[in-house]
$ cat start.cif   # mmCIF, C-alpha atoms
data_data
loop_
_atom_site.group_PDB
_atom_site.id
_atom_site.type_symbol
_atom_site.label_atom_id
_atom_site.label_comp_id
_atom_site.auth_asym_id
_atom_site.auth_seq_id
_atom_site.Cartn_x
_atom_site.Cartn_y
_atom_site.Cartn_z
ATOM 1 C CA MET A 1 -30.067 16.072 -5.024
ATOM 2 C CA PRO A 2 -26.365 16.786 -4.190
ATOM 3 C CA TYR A 3 -24.473 19.029 -6.549
ATOM 4 C CA GLY A 4 -22.393 17.037 -9.016
ATOM 5 C CA PHE A 5 -25.331 14.671 -9.675
ATOM 6 C CA TYR A 6 -27.182 14.935 -12.974
ATOM 7 C CA TYR A 7 -30.263 12.800 -13.581
ATOM 8 C CA GLY A 8 -29.144 10.572 -10.718
ATOM 9 C CA ILE A 9 -25.628 10.168 -12.129
ATOM 10 C CA ASP A 10 -22.629 11.141 -9.996
ATOM 11 C CA ILE A 11 -20.523 12.978 -12.579
ATOM 12 C CA TYR A 12 -17.566 13.527 -10.264
ATOM 13 C CA TYR A 13 -17.483 9.809 -9.443
ATOM 14 C CA ILE A 14 -17.353 8.915 -13.125
ATOM 15 C CA LEU A 15 -14.714 11.509 -13.992
ATOM 16 C CA LEU A 16 -12.471 11.120 -10.932
ATOM 17 C CA VAL A 17 -13.045 7.890 -9.058
ATOM 18 C CA VAL A 18 -13.781 5.417 -11.853
ATOM 19 C CA PRO A 19 -10.404 5.966 -13.603
ATOM 20 C CA SER A 20 -8.563 5.411 -10.319
ATOM 21 C CA LEU A 21 -10.572 2.243 -9.669
ATOM 22 C CA ILE A 22 -9.657 0.982 -13.127
ATOM 23 C CA LEU A 23 -6.024 1.702 -12.310
ATOM 24 C CA SER A 24 -6.410 -0.325 -9.093
ATOM 25 C CA VAL A 25 -7.856 -3.290 -10.959
ATOM 26 C CA VAL A 26 -5.091 -3.159 -13.550
ATOM 27 C CA ALA A 27 -2.451 -2.957 -10.798
ATOM 28 C CA GLN A 28 -3.926 -5.979 -8.997
ATOM 29 C CA ILE A 29 -4.041 -7.999 -12.209
ATOM 30 C CA ARG A 30 -0.478 -6.974 -13.001
ATOM 31 C CA VAL A 31 0.966 -7.939 -9.627
ATOM 32 C CA LYS A 32 -0.765 -11.332 -9.682
ATOM 33 C CA SER A 33 0.411 -11.973 -13.229
ATOM 34 C CA VAL A 34 4.033 -11.053 -12.511
ATOM 35 C CA TYR A 35 4.010 -13.000 -9.234
ATOM 36 C CA ARG A 36 2.618 -16.090 -10.968
ATOM 37 C CA LYS A 37 5.255 -15.908 -13.692
ATOM 38 C CA MET A 38 8.213 -15.305 -11.389
ATOM 39 C CA SER A 39 7.011 -17.958 -8.932
ATOM 40 C CA LEU A 40 7.669 -20.538 -11.637
ATOM 41 C CA LYS A 41 11.191 -19.245 -12.222
ATOM 42 C CA MET A 42 13.646 -20.841 -9.798
ATOM 43 C CA ASN A 43 16.768 -18.890 -8.831
ATOM 44 C CA SER A 44 20.162 -20.346 -9.719
ATOM 45 C CA SER A 45 21.501 -20.136 -6.152
ATOM 46 C CA GLY A 46 18.754 -22.374 -4.743
ATOM 47 C CA LEU A 47 17.991 -19.819 -2.036
ATOM 48 C CA THR A 48 14.604 -20.040 -0.307
ATOM 49 C CA GLY A 49 12.533 -17.039 0.658
ATOM 50 C CA ALA A 50 13.204 -17.668 4.359
ATOM 51 C CA ALA A 51 16.954 -17.831 3.725
ATOM 52 C CA ALA A 52 16.808 -14.614 1.688
ATOM 53 C CA ALA A 53 15.018 -12.787 4.502
ATOM 54 C CA GLN A 54 17.611 -14.055 6.968
ATOM 55 C CA ALA A 55 20.412 -12.860 4.691
ATOM 56 C CA VAL A 56 18.945 -9.349 4.586
ATOM 57 C CA LEU A 57 18.600 -9.292 8.377
ATOM 58 C CA ARG A 58 22.192 -10.450 8.719
ATOM 59 C CA HIS A 59 23.349 -7.759 6.276
ATOM 60 C CA TYR A 60 21.829 -5.077 8.506
ATOM 61 C CA GLY A 61 23.045 -6.691 11.723
ATOM 62 C CA ILE A 62 19.513 -7.456 12.943
ATOM 63 C CA THR A 63 19.428 -10.366 15.389
ATOM 64 C CA ASP A 64 16.128 -9.939 17.239
ATOM 65 C CA VAL A 65 13.702 -10.616 14.367
ATOM 66 C CA GLN A 66 12.271 -14.086 13.781
ATOM 67 C CA ILE A 67 11.051 -15.585 10.494
ATOM 68 C CA GLU A 68 7.889 -17.670 10.483
ATOM 69 C CA HIS A 69 5.693 -19.462 7.985
ATOM 70 C CA ILE A 70 2.098 -18.277 7.518
ATOM 71 C CA ASN A 71 -0.706 -19.759 5.459
ATOM 72 C CA GLY A 72 -2.139 -17.903 2.506
ATOM 73 C CA ARG A 73 -1.083 -16.354 -0.774
ATOM 74 C CA LEU A 74 0.717 -13.010 -0.862
ATOM 75 C CA SER A 75 0.020 -12.658 2.862
ATOM 76 C CA ASP A 76 3.668 -11.869 3.631
ATOM 77 C CA HIS A 77 4.325 -9.103 6.144
ATOM 78 C CA PHE A 78 6.577 -7.854 8.919
ATOM 79 C CA ASP A 79 5.006 -7.489 12.362
ATOM 80 C CA PRO A 80 7.024 -4.821 14.234
ATOM 81 C CA ARG A 81 5.227 -5.470 17.537
ATOM 82 C CA SER A 82 6.298 -9.095 17.799
ATOM 83 C CA LYS A 83 9.364 -8.579 15.585
ATOM 84 C CA VAL A 84 8.428 -11.407 13.242
ATOM 85 C CA ILE A 85 8.621 -11.680 9.463
ATOM 86 C CA ARG A 86 5.784 -13.912 8.320
ATOM 87 C CA LEU A 87 6.181 -15.506 4.912
ATOM 88 C CA SER A 88 3.405 -17.212 2.959
ATOM 89 C CA ASP A 89 3.200 -20.698 1.462
ATOM 90 C CA GLY A 90 4.632 -19.616 -1.868
ATOM 91 C CA VAL A 91 7.537 -17.718 -0.341
ATOM 92 C CA PHE A 92 8.858 -19.348 2.839
ATOM 93 C CA ASN A 93 10.277 -22.582 1.359
ATOM 94 C CA SER A 94 10.192 -21.566 -2.301
ATOM 95 C CA CYS A 95 13.374 -21.036 -4.309
ATOM 96 C CA SER A 96 11.647 -18.877 -6.905
ATOM 97 C CA VAL A 97 12.852 -15.431 -7.928
ATOM 98 C CA ALA A 98 9.556 -14.009 -6.668
ATOM 99 C CA ALA A 99 10.038 -15.602 -3.234
ATOM 100 C CA VAL A 100 13.497 -14.092 -2.803
ATOM 101 C CA GLY A 101 12.294 -10.622 -3.828
ATOM 102 C CA ILE A 102 9.225 -10.659 -1.584
ATOM 103 C CA ALA A 103 11.045 -12.084 1.443
ATOM 104 C CA ALA A 104 13.874 -9.591 1.072
ATOM 105 C CA HIS A 105 11.302 -6.786 0.843
ATOM 106 C CA GLU A 106 9.722 -7.799 4.161
ATOM 107 C CA ALA A 107 13.160 -7.951 5.734
ATOM 108 C CA GLY A 108 13.661 -4.454 4.340
ATOM 109 C CA HIS A 109 10.769 -3.325 6.544
ATOM 110 C CA ALA A 110 12.516 -4.848 9.545
ATOM 111 C CA ALA A 111 15.624 -2.865 8.603
ATOM 112 C CA GLN A 112 13.546 0.319 8.466
ATOM 113 C CA HIS A 113 12.318 -0.217 12.011
ATOM 114 C CA ALA A 114 15.807 -1.070 13.228
ATOM 115 C CA SER A 115 17.249 2.121 11.720
ATOM 116 C CA GLY A 116 14.420 4.384 12.894
ATOM 117 C CA TYR A 117 13.317 5.246 9.356
ATOM 118 C CA LEU A 118 11.153 8.370 9.777
ATOM 119 C CA PRO A 119 8.325 7.686 7.268
ATOM 120 C CA ILE A 120 7.531 4.339 8.875
ATOM 121 C CA LYS A 121 7.391 6.039 12.287
ATOM 122 C CA VAL A 122 4.913 8.567 10.904
ATOM 123 C CA ARG A 123 2.824 5.825 9.308
ATOM 124 C CA ASN A 124 2.658 3.794 12.507
ATOM 125 C CA ALA A 125 1.767 6.882 14.530
ATOM 126 C CA ILE A 126 -1.297 7.727 12.447
ATOM 127 C CA VAL A 127 -2.627 4.175 12.059
ATOM 128 C CA PRO A 128 -5.033 4.358 15.071
ATOM 129 C CA VAL A 129 -6.506 7.662 13.883
ATOM 130 C CA CYS A 130 -6.810 6.380 10.316
ATOM 131 C CA ASN A 131 -8.726 3.325 11.507
ATOM 132 C CA ILE A 132 -11.292 5.660 13.079
ATOM 133 C CA ALA A 133 -11.274 8.033 10.104
ATOM 134 C CA SER A 134 -12.070 5.225 7.658
ATOM 135 C CA TRP A 135 -15.317 4.572 9.534
ATOM 136 C CA VAL A 136 -16.543 8.044 10.471
ATOM 137 C CA GLY A 137 -14.945 10.511 8.026
ATOM 138 C CA ILE A 138 -17.373 10.303 5.095
ATOM 139 C CA PRO A 139 -20.509 9.706 7.246
ATOM 140 C CA LEU A 140 -19.743 12.862 9.242
ATOM 141 C CA ALA A 141 -19.209 14.880 6.074
ATOM 142 C CA LEU A 142 -22.488 13.622 4.591
ATOM 143 C CA ILE A 143 -24.410 14.347 7.798
ATOM 144 C CA GLY A 144 -22.984 17.860 7.765
ATOM 145 C CA TYR A 145 -23.899 18.218 4.095
ATOM 146 C CA TYR A 146 -27.539 17.198 4.436
ATOM 147 C CA MET A 147 -28.040 19.071 7.714
ATOM 148 C CA SER A 148 -26.237 22.184 6.414
ATOM 149 C CA MET A 149 -23.690 21.986 9.246
ATOM 150 C CA GLU A 150 -20.399 23.100 7.685
ATOM 151 C CA PRO A 151 -18.215 22.281 10.741
ATOM 152 C CA LEU A 152 -19.202 18.613 10.446
ATOM 153 C CA ILE A 153 -18.313 18.670 6.749
ATOM 154 C CA TYR A 154 -14.849 20.020 7.511
ATOM 155 C CA ILE A 155 -14.281 17.536 10.328
ATOM 156 C CA GLY A 156 -15.401 14.647 8.134
ATOM 157 C CA LEU A 157 -13.217 15.706 5.215
ATOM 158 C CA GLY A 158 -10.295 16.321 7.557
ATOM 159 C CA LEU A 159 -10.603 12.808 8.973
ATOM 160 C CA TYR A 160 -10.917 11.265 5.518
ATOM 161 C CA SER A 161 -7.855 13.173 4.321
ATOM 162 C CA LEU A 162 -5.825 11.314 6.962
ATOM 163 C CA ILE A 163 -6.395 8.127 4.977
ATOM 164 C CA MET A 164 -4.849 9.784 1.933
ATOM 165 C CA ILE A 165 -1.937 11.022 4.069
ATOM 166 C CA PHE A 166 -1.453 7.488 5.381
ATOM 167 C CA GLN A 167 -1.270 6.121 1.856
ATOM 168 C CA LEU A 168 0.981 8.987 0.795
ATOM 169 C CA VAL A 169 3.431 8.063 3.573
ATOM 170 C CA THR A 170 3.063 4.339 2.835
ATOM 171 C CA LEU A 171 4.332 4.746 -0.718
ATOM 172 C CA PRO A 172 7.903 5.845 0.164
ATOM 173 C CA VAL A 173 7.943 3.223 2.941
ATOM 174 C CA GLU A 174 7.234 0.463 0.437
ATOM 175 C CA LEU A 175 9.600 1.844 -2.187
ATOM 176 C CA ASN A 176 12.388 2.167 0.370
ATOM 177 C CA ALA A 177 11.868 -1.406 1.605
ATOM 178 C CA SER A 178 12.139 -2.641 -1.978
ATOM 179 C CA SER A 179 15.239 -0.529 -2.571
ATOM 180 C CA ARG A 180 16.888 -1.980 0.534
ATOM 181 C CA ALA A 181 15.951 -5.478 -0.576
ATOM 182 C CA LEU A 182 17.280 -5.108 -4.109
ATOM 183 C CA ASN A 183 20.529 -3.538 -2.888
ATOM 184 C CA VAL A 184 21.215 -6.458 -0.549
ATOM 185 C CA ILE A 185 20.224 -8.978 -3.220
ATOM 186 C CA ALA A 186 22.835 -7.449 -5.531
ATOM 187 C CA GLN A 187 25.549 -6.828 -2.918
ATOM 188 C CA GLU A 188 25.278 -10.254 -1.288
ATOM 189 C CA GLY A 189 24.706 -12.134 -4.545
ATOM 190 C CA LEU A 190 21.434 -13.642 -3.324
ATOM 191 C CA LEU A 191 20.356 -13.745 -6.960
ATOM 192 C CA ARG A 192 23.417 -14.494 -9.026
ATOM 193 C CA THR A 193 22.459 -13.278 -12.466
ATOM 194 C CA GLU A 194 21.461 -9.820 -13.632
ATOM 195 C CA GLU A 195 18.346 -11.287 -15.245
ATOM 196 C CA GLU A 196 17.185 -12.771 -11.935
ATOM 197 C CA GLN A 197 17.748 -9.451 -10.189
ATOM 198 C CA LYS A 198 15.699 -7.663 -12.855
ATOM 199 C CA ASP A 199 12.925 -10.220 -12.456
ATOM 200 C CA ALA A 200 12.850 -9.683 -8.688
ATOM 201 C CA LYS A 201 12.609 -5.945 -9.329
ATOM 202 C CA LYS A 202 9.636 -6.553 -11.640
ATOM 203 C CA VAL A 203 7.784 -8.310 -8.818
ATOM 204 C CA LEU A 204 8.435 -5.495 -6.341
ATOM 205 C CA THR A 205 7.651 -2.775 -8.891
ATOM 206 C CA ALA A 206 4.320 -4.422 -9.710
ATOM 207 C CA ALA A 207 3.505 -4.576 -6.001
ATOM 208 C CA ALA A 208 4.407 -0.893 -5.586
ATOM 209 C CA MET A 209 1.891 0.058 -8.286
ATOM 210 C CA THR A 210 -0.931 -1.216 -6.082
ATOM 211 C CA TYR A 211 0.036 1.422 -3.497
ATOM 212 C CA VAL A 212 0.131 4.101 -6.187
ATOM 213 C CA ALA A 213 -3.361 3.060 -7.272
ATOM 214 C CA ALA A 214 -4.653 3.116 -3.685
ATOM 215 C CA LEU A 215 -3.291 6.636 -3.228
ATOM 216 C CA ALA A 216 -4.875 7.759 -6.508
ATOM 217 C CA THR A 217 -8.247 6.347 -5.443
ATOM 218 C CA SER A 218 -8.160 8.109 -2.068
ATOM 219 C CA LEU A 219 -7.141 11.382 -3.703
ATOM 220 C CA ALA A 220 -9.911 11.062 -6.303
ATOM 221 C CA ASN A 221 -12.527 10.366 -3.626
ATOM 222 C CA LEU A 222 -11.386 13.297 -1.519
ATOM 223 C CA LEU A 223 -11.386 15.667 -4.490
ATOM 224 C CA ARG A 224 -14.879 14.447 -5.466
ATOM 225 C CA LEU A 225 -16.249 15.193 -2.001
ATOM 226 C CA VAL A 226 -14.562 18.592 -1.850
ATOM 227 C CA LEU A 227 -16.049 19.555 -5.222
ATOM 228 C CA ILE A 228 -19.534 18.388 -4.246
ATOM 229 C CA PHE A 229 -19.494 20.276 -0.951
ATOM 230 C CA SER A 230 -17.821 23.400 -2.327
ATOM 231 C CA ASN A 231 -20.316 23.589 -5.206
ATOM 232 C CA ARG A 232 -23.173 23.576 -2.743
ATOM 233 C CA ARG A 233 -21.549 26.271 -0.658
ATOM 234 C CA GLY A 234 -21.082 28.408 -3.778
ATOM 235 C CA ARG A 235 -24.773 28.096 -4.644
ATOM 236 C CA ASP A 236 -26.179 28.673 -1.146
#

$ encode --input "start.cif" --output "structure tokens"
Amino acid sequence: MPYGFYYGIDIYYILLVVPSLILSVVAQIRVKSVYRKMSLKMNSSGLTGAAAAQAVLRHYGITDVQIEHINGRLSDHFDPRSKVIRLSDGVFNSCSVAAVGIAAHEAGHAAQHASGYLPIKVRNAIVPVCNIASWVGIPLALIGYYMSMEPLIYIGLGLYSLIMIFQLVTLPVELNASSRALNVIAQEGLLRTEEEQKDAKKVLTAAAMTYVAALATSLANLLRLVLIFSNRRGRD
């Protein structure tokens, strides 16, 4: 039985991973709750999400990015390859405070690409490797563990750590996109009242917490594996 397991119970999982998973669940509930509430609150300027995204692009002098409607809920994103901001059903034509905040956030990502924002370059560069690492990192480490092949353990953990690095880089990318969005919302008067601006910030802050939770979960999983493998090495 692997070290860290007692009577079939993974102690490290309970102590490290479970709390981070609880944080993830709470963050998801929070973002859905805030989104639902702010989606019912219409902004006083009558601005749609699509118009808000266009206003942010115009503020940054971006003319080569299109805005399209996409089906789904909270499926909004910016596609840098096709240079398209895709806004969901509840954002594209909605005049809610939530729609303006979310659309402006996605336009903030377009502004990052246009300005050559370094963290987003790093994130995009490691995406292909992270896709591979998510599939083979832990299996390689476990194979190395059970076959007593330390190099495989290190390779597996190294690959898995890239996922944590990806999420670590993603956090400032998301926070910066929200900061850009909120600054333009205030400067251009997209949301006219201070209360509306605060409500838009609540939506984006709640969304940011999901990235914090994802990072915490990856870190907890990595630390769990390191402790399991290092404990075995110390007892061999």

$ closest_residue --input "start.cif" --among "A:Ala200, A:Leu152, A:Leu168, A:Ala104" --to "Pro139 in chain A" --atoms "all atoms listed in the file"
A:Leu152

$ residues_around --input "start.cif" --residues "Ser96 in chain A" --least-positions-apart "6" --cutoff "8 Å" --atoms "only C-alpha atoms" --output "list in words"
Met38, Ser39, Leu40, Lys41, Met42, Asn43, Thr48 and Gly49 of chain A

$ closest_residue --input "start.cif" --among "A:Tyr146, A:Phe78, A:Phe229, A:Tyr13" --to "Ala111 in chain A" --atoms "only C-alpha atoms"
A:Phe78

$ resolve_selection --input "start.cif" --expression "the PyMOL selection byres ((chain A and resi 107-110) around 7)" --output "PyMOL selection string"
chain A and resi 53+56-57+78+85+103-106+111-114+177-178+180-181

$ resolve_selection --input "start.cif" --expression "the PyMOL selection byres ((chain A and resi 91) around 8)" --output "list in words"
Thr48, Gly49, Ala50, Leu87, Ser88, Asp89, Gly90, Phe92, Asn93, Ser94, Cys95, Ser96, Ala98, Ala99, Val100, Ile102 and Ala103 of chain A

$ atom_distance --input "start.cif" --atom1 "CA of Ser24 in chain A" --atom2 "CA of Val212 in chain A"
8.4 Å

$ resolve_selection --input "start.cif" --expression "the PyMOL selection byres ((chain A and resi 199) around 9)" --output "list of chain:residue names"
A:Val34, A:Met38, A:Val97, A:Ala98, A:Gly101, A:Glu194, A:Glu195, A:Glu196, A:Gln197, A:Lys198, A:Ala200, A:Lys201, A:Lys202, A:Val203, A:Leu204

$ closest_residue --input "start.cif" --among "A:Val184, A:Pro151, A:Lys32, A:Ser44" --to "Tyr60 in chain A" --atoms "only C-alpha atoms"
A:Val184

$ residues_around --input "start.cif" --residues "Val122 in chain A" --least-positions-apart "5" --cutoff "12 Å" --atoms "all atoms listed in the file" --output "ChimeraX atom specification"
/A:113,116-117,127-130,162,165-170,172-173

$ closest_residue --input "start.cif" --among "A:Tyr12, A:Leu175, A:Arg30, A:Ser115" --to "Gly61 in chain A" --atoms "all atoms listed in the file"
A:Ser115

$ closest_residue --input "start.cif" --among "A:Ile126, A:Ile143, A:Leu171, A:Ala186" --to "Tyr211 in chain A" --atoms "all atoms listed in the file"
A:Leu171

$ closest_residue --input "start.cif" --among "A:Trp135, A:Thr205, A:Gln187, A:Val226" --to "Ile153 in chain A" --atoms "only C-alpha atoms"
A:Val226

$ atom_distance --input "start.cif" --atom1 "CA of Arg58 in chain A" --atom2 "CA of Ala208 in chain A"
24.7 Å

$ atom_distance --input "start.cif" --atom1 "CA of Ile14 in chain A" --atom2 "CA of Ile138 in chain A"
18.3 Å
